[in-house]
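Participant: Once you've had a glance at the structure underneath, I'll fire off some questions.
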Amino acid sequence: QVQLVESGGGLVQAGGSLRLSCAASGRSFSTYAMGWFRQAPGKEREFAAAISRGGGDTYYADAVKARFTISRDNAKNTVYLQMNSLKPEDTAVYYCAARRVPTYSSGTYYVSQGEYAYWGQGTQVTVSS
């Protein structure tokens with residue numbers, strides 16, 4: 001089992017940058033594929049970015065592609081979401097999620113919420129125009 005704690009959210013002007021962090025407790029962080037999701041006010045939670053357990057494979061939603069970068073440091077049990085060129089429509093609560101995967105799926109990432117077993121509490125990102 002793993003517990004996830006997000007940090008790094010805040011208020012930023014349009015065009016600015018933020019880096020979110022998600023710290024995982026417990027052992028074997030490197031056996032988990034990770035994802036970032038977001039939920040804007042009045043909308044359903046949606047996929048933003050995903051990374052495989054080894055970090056070599058990533059995938060992004062079209063809305064954030066070329067602006068956001070997901071990465072991980074398995075030695076620090078942490079996954080990051082670097083967000084550049086932020087837009088007001090990026091305003092949302094951002095959640096990280098984890099799913100344990102076997103070695104033979106080490107290059108796999110997951111984009112569906114239902115594929116993740118563990119979730120953090122979320123961190124608010126607000127982008128002003």
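Here, A, B, ... name the chains of the structure tokens in the order displayed, residue numbers run from 1 inside each chain, and ligands are numbered from 1 in the same displayed order.
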What are the nearest atom pairs, with distances in Å to one decimal, for all residues of range 79-117 of chain A that come at most 10 Å from range 50-64 of chain A, using only C-alpha atoms, set out by chain and rising residue number as a Markdown table?
Facilitator:
```
| residue | atom | partner | partner_atom | distance |
| --- | --- | --- | --- | --- |
| A:Val79 | CA | A:Ile51 | CA | 8.8 |
| A:Leu81 | CA | A:Ala50 | CA | 9.7 |
| A:Met83 | CA | A:Val64 | CA | 8.4 |
| A:Asn84 | CA | A:Val64 | CA | 9.3 |
| A:Ser85 | CA | A:Val64 | CA | 9.7 |
| A:Leu86 | CA | A:Val64 | CA | 9.2 |
| A:Lys87 | CA | A:Val64 | CA | 10.0 |
| A:Glu89 | CA | A:Ala63 | CA | 9.5 |
| A:Asp90 | CA | A:Val64 | CA | 8.6 |
| A:Cys96 | CA | A:Ala50 | CA | 9.4 |
| A:Ala97 | CA | A:Ala50 | CA | 9.2 |
| A:Ala98 | CA | A:Arg53 | CA | 9.6 |
| A:Arg99 | CA | A:Arg53 | CA | 9.0 |
| A:Arg100 | CA | A:Arg53 | CA | 8.3 |
| A:Val101 | CA | A:Arg53 | CA | 7.5 |
| A:Pro102 | CA | A:Arg53 | CA | 9.2 |
| A:Thr103 | CA | A:Arg53 | CA | 8.8 |
| A:Ser105 | CA | A:Arg53 | CA | 8.6 |
| A:Ser106 | CA | A:Arg53 | CA | 5.7 |
| A:Gly107 | CA | A:Ser52 | CA | 5.4 |
| A:Thr108 | CA | A:Ser52 | CA | 5.3 |
| A:Tyr109 | CA | A:Ser52 | CA | 4.8 |
| A:Tyr110 | CA | A:Ala50 | CA | 6.3 |
| A:Val111 | CA | A:Ala50 | CA | 6.6 |
| A:Ser112 | CA | A:Ala50 | CA | 9.8 |
```
Participant: What's around Gln39 in chain A at 7 Å? Count only C-alpha atoms, leave out sequence neighbours fewer than 3 positions away in its own chain, and write the answer as a ChimeraX atom specification.
Facilitator: /A:43-46,92-94
Participant: Near Gly9 in chain A, within 7 Å and counting only C-alpha atoms, which residues show up once chain neighbours fewer than 4 positions away are dropped, as an MDAnalysis selection string?
Facilitator: chainID A and resid 20 123:125
Participant: Any chance you can output those residues with N, CA, C and O atoms as a PDB file, in the first residue's frame?
Facilitator:
```
ATOM      1  N   LEU A  20       4.449  20.829  -9.311  1.00  0.00           N
ATOM      2  CA  LEU A  20       3.781  20.040  -8.287  1.00  0.00           C
ATOM      3  C   LEU A  20       4.644  18.840  -7.938  1.00  0.00           C
ATOM      4  O   LEU A  20       5.335  18.284  -8.791  1.00  0.00           O
ATOM      5  N   THR A 123      -4.068  19.122  -4.595  1.00  0.00           N
ATOM      6  CA  THR A 123      -3.497  20.439  -4.331  1.00  0.00           C
ATOM      7  C   THR A 123      -4.106  21.430  -5.323  1.00  0.00           C
ATOM      8  O   THR A 123      -4.242  21.124  -6.507  1.00  0.00           O
ATOM      9  N   GLN A 124      -4.490  22.601  -4.825  1.00  0.00           N
ATOM     10  CA  GLN A 124      -5.193  23.587  -5.646  1.00  0.00           C
ATOM     11  C   GLN A 124      -4.206  24.383  -6.482  1.00  0.00           C
ATOM     12  O   GLN A 124      -3.212  24.913  -5.962  1.00  0.00           O
ATOM     13  N   VAL A 125      -4.515  24.502  -7.761  1.00  0.00           N
ATOM     14  CA  VAL A 125      -3.775  25.376  -8.665  1.00  0.00           C
ATOM     15  C   VAL A 125      -4.756  26.398  -9.231  1.00  0.00           C
ATOM     16  O   VAL A 125      -5.793  26.019  -9.787  1.00  0.00           O
TER      17      VAL A 125
END
```
Participant: Given only C-alpha atoms as the basis, pick out the residue of A:Ser129, A:Gln3, A:Phe47, A:Leu11 nearest to Glu115 in chain A.
Facilitator: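 Counting only C-alpha atoms, the residue closest to Glu115 in chain A is A:Phe47.
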Participant: Could you pull out the strand (DSSP E or B) residues of range 23-83 of chain A from DSSP and send them as a ChimeraX atom specification?
Facilitator: /A:23-24,32-39,46-51,58-60,68-73,78-83
Participant: Between A:Tyr104, A:Tyr118, A:Trp36, A:Phe29, single out the one closest to Gln82 in chain A, counting only C-alpha atoms.
Facilitator: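 Of all the options, A:Trp36 lies closest to Gln82 in chain A.
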Participant: Calculated over only C-alpha atoms, which of the candidates A:Gln113, A:Thr91, A:Thr78, A:Ser17 has the smallest distance to Ser128 in chain A?
Facilitator: A:Thr91
Participant: Can you tell me which residues surround Ser30 in chain A at a distance of at most 6 Å, considering only C-alpha atoms, apart from same-chain residues fewer than 2 positions away, and format the answer as an MDAnalysis selection string?
Facilitator: chainID A and resid 28 32 53 74
Participant: Can you list, as a VMD selection string, every protein, DNA or RNA residue that comes within 7 Å of Leu4 in chain A when you count only C-alpha atoms, leaving out same-chain residues fewer than 5 positions away?
Facilitator: chain A and resid 22 to 25 119 to 120
